[in-house]
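**Student:** Here you go, structure-v6.cif (mmCIF, C-alpha atoms):
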data_upload
#
loop_
_atom_site.group_PDB
_atom_site.id
_atom_site.type_symbol
_atom_site.label_atom_id
_atom_site.label_comp_id
_atom_site.auth_asym_id
_atom_site.auth_seq_id
_atom_site.Cartn_x
_atom_site.Cartn_y
_atom_site.Cartn_z
ATOM 1 C CA MET A 1 -156.129 -15.920 67.811
ATOM 2 C CA SER A 2 -159.529 -14.392 68.412
ATOM 3 C CA ASP A 3 -161.384 -17.673 67.757
ATOM 4 C CA LYS A 4 -159.247 -19.464 70.295
ATOM 5 C CA GLU A 5 -159.796 -16.674 72.843
ATOM 6 C CA ARG A 6 -163.535 -16.900 72.454
ATOM 7 C CA ARG A 7 -163.650 -20.498 73.569
ATOM 8 C CA GLY A 8 -161.808 -20.012 76.867
ATOM 9 C CA PRO A 9 -162.496 -17.988 79.983
ATOM 10 C CA VAL A 10 -161.054 -14.941 78.261
ATOM 11 C CA GLY A 11 -163.604 -15.463 75.510
ATOM 12 C CA ARG A 12 -166.423 -15.454 78.027
ATOM 13 C CA LEU A 13 -165.060 -12.275 79.589
ATOM 14 C CA LEU A 14 -164.881 -10.759 76.113
ATOM 15 C CA ASP A 15 -168.482 -11.693 75.415
ATOM 16 C CA ARG A 16 -169.639 -10.266 78.726
ATOM 17 C CA VAL A 17 -167.694 -7.040 78.513
ATOM 18 C CA LEU A 18 -168.085 -6.563 74.799
ATOM 19 C CA GLY A 19 -171.765 -7.299 74.895
ATOM 20 C CA SER A 20 -172.592 -3.838 73.641
ATOM 21 C CA ARG A 21 -172.292 -2.882 70.016
ATOM 22 C CA ALA A 22 -170.020 0.065 70.875
ATOM 23 C CA GLY A 23 -167.805 -2.238 72.925
ATOM 24 C CA LYS A 24 -167.438 -4.668 70.046
ATOM 25 C CA ARG A 25 -166.619 -1.884 67.629
ATOM 26 C CA GLU A 26 -163.948 -0.525 69.982
ATOM 27 C CA TRP A 27 -162.456 -3.990 70.314
ATOM 28 C CA ARG A 28 -162.356 -4.484 66.552
ATOM 29 C CA GLU A 29 -160.715 -1.090 66.109
ATOM 30 C CA TYR A 30 -158.157 -1.997 68.740
ATOM 31 C CA LYS A 31 -157.312 -5.259 66.964
ATOM 32 C CA GLY A 32 -156.821 -3.345 63.744
ATOM 33 C CA ARG A 33 -154.577 -0.804 65.412
ATOM 34 C CA VAL A 34 -152.447 -3.537 66.966
ATOM 35 C CA ALA A 35 -152.095 -5.178 63.550
ATOM 36 C CA ALA A 36 -150.890 -1.850 62.127
ATOM 37 C CA LEU A 37 -148.056 -1.507 64.664
ATOM 38 C CA PRO A 38 -144.495 -2.298 63.529
ATOM 39 C CA PRO A 39 -143.387 -5.861 64.376
ATOM 40 C CA ASP A 40 -141.620 -5.232 67.702
ATOM 41 C CA HIS A 41 -144.325 -2.934 69.051
ATOM 42 C CA GLN A 42 -146.953 -5.396 67.894
ATOM 43 C CA LEU A 43 -145.228 -8.329 69.553
ATOM 44 C CA VAL A 44 -144.957 -6.497 72.856
ATOM 45 C CA MET A 45 -148.577 -5.297 72.654
ATOM 46 C CA ARG A 46 -149.782 -8.879 72.191
ATOM 47 C CA LYS A 47 -147.567 -10.131 75.012
ATOM 48 C CA ILE A 48 -148.848 -7.382 77.326
ATOM 49 C CA GLN A 49 -152.438 -8.270 76.449
ATOM 50 C CA LYS A 50 -151.879 -11.887 77.426
ATOM 51 C CA PHE A 51 -149.916 -10.885 80.525
ATOM 52 C CA LEU A 52 -152.584 -8.554 81.863
ATOM 53 C CA TRP A 53 -155.316 -11.140 81.380
ATOM 54 C CA THR A 54 -153.423 -13.825 83.240
ATOM 55 C CA ALA A 55 -150.793 -12.484 85.635
ATOM 56 C CA GLY A 56 -152.298 -9.013 85.910
ATOM 57 C CA GLY A 57 -155.530 -10.095 87.502
ATOM 58 C CA ALA A 58 -157.584 -7.684 85.424
ATOM 59 C CA VAL A 59 -161.206 -8.174 86.348
ATOM 60 C CA ASP A 60 -163.553 -5.824 84.543
ATOM 61 C CA GLU A 61 -164.111 -3.697 81.484
ATOM 62 C CA GLN A 62 -161.168 -1.601 82.630
ATOM 63 C CA SER A 63 -159.024 -4.503 81.415
ATOM 64 C CA PHE A 64 -159.976 -3.358 77.945
ATOM 65 C CA ARG A 65 -159.529 0.320 78.689
ATOM 66 C CA VAL A 66 -155.937 -0.328 79.738
ATOM 67 C CA LEU A 67 -155.165 -2.188 76.517
ATOM 68 C CA TYR A 68 -156.520 0.708 74.465
ATOM 69 C CA ALA A 69 -154.438 3.152 76.533
ATOM 70 C CA ILE A 70 -151.259 1.084 76.142
ATOM 71 C CA CYS A 71 -151.911 0.736 72.430
ATOM 72 C CA GLU A 72 -152.073 4.531 72.110
ATOM 73 C CA VAL A 73 -148.742 4.865 73.909
ATOM 74 C CA LEU A 74 -147.122 2.291 71.617
ATOM 75 C CA GLU A 75 -148.605 3.939 68.518
ATOM 76 C CA GLU A 76 -147.075 7.281 69.478
ATOM 77 C CA SER A 77 -143.802 5.546 70.243
ATOM 78 C CA ALA A 78 -143.738 3.843 66.849
ATOM 79 C CA ALA A 79 -144.743 7.019 65.004
ATOM 80 C CA ALA A 80 -141.900 8.914 66.684
ATOM 81 C CA GLY A 81 -139.426 6.207 65.714
ATOM 82 C CA ARG A 82 -138.641 5.073 69.242
ATOM 83 C CA THR A 83 -138.025 1.422 70.066
ATOM 84 C CA VAL A 84 -140.708 -0.340 72.046
ATOM 85 C CA LEU A 85 -138.413 -0.922 75.034
ATOM 86 C CA GLU A 86 -137.365 2.737 75.085
ATOM 87 C CA THR A 87 -141.021 3.450 75.663
ATOM 88 C CA THR A 88 -142.056 0.719 78.070
ATOM 89 C CA GLY A 89 -138.719 0.569 79.859
ATOM 90 C CA ASP A 90 -136.928 -2.754 80.364
ATOM 91 C CA ASP A 91 -139.455 -3.783 82.994
ATOM 92 C CA VAL A 92 -142.388 -4.310 80.656
ATOM 93 C CA ALA A 93 -144.354 -6.077 83.382
ATOM 94 C CA ALA A 94 -144.070 -3.122 85.764
ATOM 95 C CA PHE A 95 -145.128 -0.740 83.003
ATOM 96 C CA SER A 96 -148.150 -2.907 82.193
ATOM 97 C CA LEU A 97 -149.211 -3.328 85.804
ATOM 98 C CA ASN A 98 -148.765 0.396 86.514
ATOM 99 C CA MET A 99 -150.937 1.211 83.511
ATOM 100 C CA LEU A 100 -153.500 -1.296 84.774
ATOM 101 C CA ALA A 101 -153.433 0.164 88.273
ATOM 102 C CA ALA A 102 -153.910 3.635 86.765
ATOM 103 C CA THR A 103 -157.059 2.675 84.872
ATOM 104 C CA GLN A 104 -158.605 0.312 87.321
ATOM 105 C CA GLY A 105 -159.958 0.694 90.795
ATOM 106 C CA LYS A 106 -159.282 -2.832 91.956
ATOM 107 C CA THR A 107 -157.337 -5.742 90.559
ATOM 108 C CA TRP A 108 -158.159 -9.320 91.479
ATOM 109 C CA HIS A 109 -155.400 -9.141 94.101
ATOM 110 C CA GLY A 110 -156.810 -5.858 95.394
ATOM 111 C CA LEU A 111 -160.260 -7.408 95.782
ATOM 112 C CA LYS A 112 -158.732 -10.408 97.559
ATOM 113 C CA ALA A 113 -156.890 -8.024 99.893
ATOM 114 C CA ASP A 114 -160.145 -6.221 100.735
ATOM 115 C CA GLN A 115 -161.905 -9.523 101.455
ATOM 116 C CA PHE A 116 -158.993 -10.652 103.577
ATOM 117 C CA ASN A 117 -158.947 -7.448 105.631
ATOM 118 C CA ALA A 118 -162.714 -7.552 106.094
ATOM 119 C CA GLU A 119 -162.455 -11.127 107.356
ATOM 120 C CA VAL A 120 -159.697 -10.321 109.859
ATOM 121 C CA HIS A 121 -161.677 -7.343 111.182
ATOM 122 C CA ARG A 122 -164.821 -9.467 111.400
ATOM 123 C CA LEU A 123 -163.000 -12.187 113.357
ATOM 124 C CA LEU A 124 -161.667 -9.576 115.754
ATOM 125 C CA GLY A 125 -165.092 -8.014 116.108
ATOM 126 C CA GLY A 126 -163.776 -4.808 114.538
ATOM 127 C CA PRO A 127 -165.658 -2.192 112.544
ATOM 128 C CA ASP A 128 -166.666 -4.587 109.776
ATOM 129 C CA GLY A 129 -167.745 -7.334 112.132
ATOM 130 C CA ARG A 130 -169.890 -5.602 114.716
ATOM 131 C CA PRO A 131 -173.292 -7.131 115.224
ATOM 132 C CA ALA A 132 -176.021 -4.911 113.805
ATOM 133 C CA MET B 1 -128.085 10.396 91.422
ATOM 134 C CA ASP B 2 -129.090 6.769 91.202
ATOM 135 C CA ASP B 3 -131.910 4.738 92.627
ATOM 136 C CA LEU B 4 -134.408 7.436 93.363
ATOM 137 C CA THR B 5 -137.197 5.124 92.263
ATOM 138 C CA GLU B 6 -138.676 4.393 95.664
ATOM 139 C CA LEU B 7 -138.348 7.971 96.899
ATOM 140 C CA LEU B 8 -139.865 9.421 93.747
ATOM 141 C CA LYS B 9 -143.044 7.350 93.951
ATOM 142 C CA GLY B 10 -145.826 9.801 94.583
ATOM 143 C CA VAL B 11 -143.540 12.770 94.042
ATOM 144 C CA LEU B 12 -143.381 12.352 90.266
ATOM 145 C CA GLU B 13 -147.109 12.958 90.012
ATOM 146 C CA GLY B 14 -146.517 16.385 91.533
ATOM 147 C CA ALA B 15 -143.638 16.999 89.121
ATOM 148 C CA VAL B 16 -145.853 16.144 86.142
ATOM 149 C CA LEU B 17 -148.611 18.459 87.407
ATOM 150 C CA GLN B 18 -146.044 21.244 87.857
ATOM 151 C CA ILE B 19 -144.758 20.760 84.298
ATOM 152 C CA LEU B 20 -148.321 20.951 82.985
ATOM 153 C CA ALA B 21 -148.870 24.153 84.954
ATOM 154 C CA ARG B 22 -146.571 25.804 82.380
ATOM 155 C CA GLY B 23 -148.971 24.875 79.607
ATOM 156 C CA PRO B 24 -150.369 21.961 77.596
ATOM 157 C CA ASN B 25 -147.833 19.345 76.596
ATOM 158 C CA TYR B 26 -147.260 15.953 74.921
ATOM 159 C CA GLY B 27 -146.460 12.825 76.920
ATOM 160 C CA TYR B 28 -142.998 12.425 75.485
ATOM 161 C CA GLU B 29 -142.125 16.106 76.021
ATOM 162 C CA ILE B 30 -143.204 15.767 79.640
ATOM 163 C CA VAL B 31 -140.796 12.833 80.039
ATOM 164 C CA ARG B 32 -137.999 14.927 78.507
ATOM 165 C CA THR B 33 -138.750 17.826 80.837
ATOM 166 C CA VAL B 34 -138.623 15.513 83.858
ATOM 167 C CA ASN B 35 -135.258 14.220 82.597
ATOM 168 C CA GLN B 36 -133.934 17.746 82.055
ATOM 169 C CA ALA B 37 -135.022 18.675 85.569
ATOM 170 C CA GLY B 38 -132.363 16.226 86.775
ATOM 171 C CA PHE B 39 -134.296 12.980 86.984
ATOM 172 C CA GLU B 40 -132.535 11.281 84.117
ATOM 173 C CA SER B 41 -133.501 7.746 85.006
ATOM 174 C CA VAL B 42 -137.234 8.467 84.811
ATOM 175 C CA SER B 43 -138.497 6.756 81.654
ATOM 176 C CA GLU B 44 -141.560 6.967 79.461
ATOM 177 C CA GLY B 45 -142.685 3.703 81.029
ATOM 178 C CA THR B 46 -142.883 5.478 84.378
ATOM 179 C CA VAL B 47 -144.524 8.682 83.206
ATOM 180 C CA TYR B 48 -147.302 7.238 81.014
ATOM 181 C CA PRO B 49 -148.994 5.423 83.899
ATOM 182 C CA ILE B 50 -148.890 8.679 85.873
ATOM 183 C CA LEU B 51 -150.516 10.564 83.000
ATOM 184 C CA LEU B 52 -153.161 7.866 82.722
ATOM 185 C CA ARG B 53 -153.875 8.115 86.443
ATOM 186 C CA LEU B 54 -154.137 11.908 86.258
ATOM 187 C CA GLU B 55 -156.528 11.527 83.336
ATOM 188 C CA LYS B 56 -158.591 8.963 85.208
ATOM 189 C CA LYS B 57 -158.734 11.208 88.277
ATOM 190 C CA GLY B 58 -159.932 14.084 86.114
ATOM 191 C CA LEU B 59 -156.960 16.311 86.916
ATOM 192 C CA VAL B 60 -155.873 16.747 83.305
ATOM 193 C CA ASP B 61 -157.799 17.240 80.089
ATOM 194 C CA VAL B 62 -156.706 15.250 77.078
ATOM 195 C CA ALA B 63 -157.021 16.385 73.494
ATOM 196 C CA ARG B 64 -156.015 14.354 70.467
ATOM 197 C CA GLU B 65 -154.073 16.404 67.997
ATOM 198 C CA ARG B 66 -154.027 15.253 64.402
ATOM 199 C CA SER B 67 -150.562 14.640 63.052
ATOM 200 C CA GLU B 68 -149.310 14.481 59.475
ATOM 201 C CA LEU B 69 -147.921 11.005 59.825
ATOM 202 C CA GLY B 70 -149.179 8.391 62.172
ATOM 203 C CA PRO B 71 -151.826 8.408 64.875
ATOM 204 C CA PRO B 72 -153.125 11.508 66.669
ATOM 205 C CA ARG B 73 -150.911 12.730 69.504
ATOM 206 C CA LYS B 74 -152.346 13.137 72.967
ATOM 207 C CA VAL B 75 -152.001 16.622 74.406
ATOM 208 C CA TYR B 76 -152.401 16.955 78.155
ATOM 209 C CA SER B 77 -153.455 20.124 79.911
ATOM 210 C CA LEU B 78 -154.006 20.947 83.543
ATOM 211 C CA ASN B 79 -157.620 21.725 84.401
ATOM 212 C CA TYR B 80 -159.054 23.463 87.444
ATOM 213 C CA ALA B 81 -159.091 20.288 89.556
ATOM 214 C CA GLY B 82 -155.489 19.669 88.502
ATOM 215 C CA GLN B 83 -154.429 23.122 89.686
ATOM 216 C CA ALA B 84 -156.025 22.421 93.057
ATOM 217 C CA ALA B 85 -154.254 19.043 93.199
ATOM 218 C CA LEU B 86 -150.957 20.749 92.421
ATOM 219 C CA ALA B 87 -151.430 23.245 95.250
ATOM 220 C CA ALA B 88 -152.318 20.362 97.583
ATOM 221 C CA PHE B 89 -149.212 18.488 96.454
ATOM 222 C CA TRP B 90 -146.906 21.395 97.349
ATOM 223 C CA GLU B 91 -148.607 21.690 100.699
ATOM 224 C CA ARG B 92 -147.959 18.008 101.444
ATOM 225 C CA TRP B 93 -144.422 18.375 100.151
ATOM 226 C CA ARG B 94 -143.760 21.307 102.506
ATOM 227 C CA PHE B 95 -145.210 19.334 105.411
ATOM 228 C CA VAL B 96 -142.978 16.308 104.761
ATOM 229 C CA ALA B 97 -139.847 18.403 104.147
ATOM 230 C CA GLU B 98 -140.432 20.481 107.255
ATOM 231 C CA ARG B 99 -141.109 17.475 109.507
ATOM 232 C CA LEU B 100 -138.123 15.539 108.176
ATOM 233 C CA GLY B 101 -135.899 18.593 108.614
ATOM 234 C CA ARG B 102 -137.084 18.975 112.171
ATOM 235 C CA LEU B 103 -136.496 15.279 112.861
ATOM 236 C CA LYS B 104 -132.948 15.648 111.618
ATOM 237 C CA GLU B 105 -132.269 18.737 113.737
ATOM 238 C CA GLU B 106 -133.639 17.118 116.891
ATOM 239 C CA GLN B 107 -130.862 14.567 117.206
#
Please express what this file holds, its structure, as structure tokens.

**Tutor:**
Amino acid sequence: MSDKERRGPVGRLLDRVLGSRAGKREWREYKGRVAALPPDHQLVMRKIQKFLWTAGGAVDEQSFRVLYAICEVLEESAAAGRTVLETTGDDVAAFSLNMLAATQGKTWHGLKADQFNAEVHRLLGGPDGRPA
Amino acid sequence: MDDLTELLKGVLEGAVLQILARGPNYGYEIVRTVNQAGFESVSEGTVYPILLRLEKKGLVDVARERSELGPPRKVYSLNYAGQAALAAFWERWRFVAERLGRLKEEQ
């Protein structure tokens, strides 16, 4: 899976964000921890990872932080013998996006919203659009 | 009581801070305490993002406690900034409750 990721846009993001040695080590550790999860937890962790990188609009190194944080939650869940859905709730997408929102200042959609608002204010000659 | 989800948004953060004011606690125990307080539908999936946000905002300190089996468990504790945030939460709560009560009386 990791070879395939490295060829696509996600791979480029990985290379950019994981440029540092510490970043790469953290990523490798994360992969190992995911592989050590029981099957259901592991499946959901991998699905969440893909979901956050596509639908979630994660845009920066916080995209990695959130995966590490979710992995910790799922590890505790597995260690305590709880099912993965008991932990995430049935709405896995909402859980993932709430975790993302908690770690990250702005998602792609949030940045788009800021740009959009700035443009409307500029067109109306509002605070962001006043001539200097 | 069902479907408190919308109403509880923003309020649960205050509830979690209040629970941590009693002393350091584990994520799962915090969920259980919220449930026992009468909010039975509140799940782990709701509380963990709140804990992550509190951590990110620097309102709680997180320690990782070694456990016999499995990964270390995260222990959350309220720090000084968290205590201030809790006081601010109750102030906002009083404001909202008082204004809503007044609105209801006025009719």

**Student:** Expressed in Å to a single decimal, how great is the separation between CA of Ile19 (chain B) and CA of Leu97 (chain A)?

**Tutor:**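 CA of Leu97 (chain A) lies 24.5 Å from CA of Ile19 (chain B).
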
**Student:** Which of these, A:Ala102, A:Leu111, A:Leu123, A:Met45, has the shortest distance to chain B once you count all atoms listed in the file?

**Tutor:**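 Going through A:Ala102, A:Leu111, A:Leu123, A:Met45 one by one, the smallest distance to chain B is for A:Ala102.
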
**Student:** Here is a test: counting only C-alpha atoms, which residue of A:His41, A:Arg33, A:Lys112, A:Arg122 is nearest to chain B?

**Tutor:**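 Result for the nearest residue to chain B: A:Arg33.
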
**Student:** Calculated over all atoms listed in the file, which of the candidates B:Glu106, B:Asp3, B:Glu40, B:Asp61 has the smallest distance to Leu20 (chain B)?

**Tutor:**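 That would be B:Asp61, the residue with the smallest distance to Leu20 (chain B).
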
**Student:** Using only C-alpha atoms, find the residues of chain B whose closest atom to chain A is at most 6 Å away, then write them as a list in words.

**Tutor:**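 Taking only C-alpha atoms into account, Glu44, Gly45, Pro49, Leu52, Arg53 and Gly70 of chain B sit within 6 Å of chain A.
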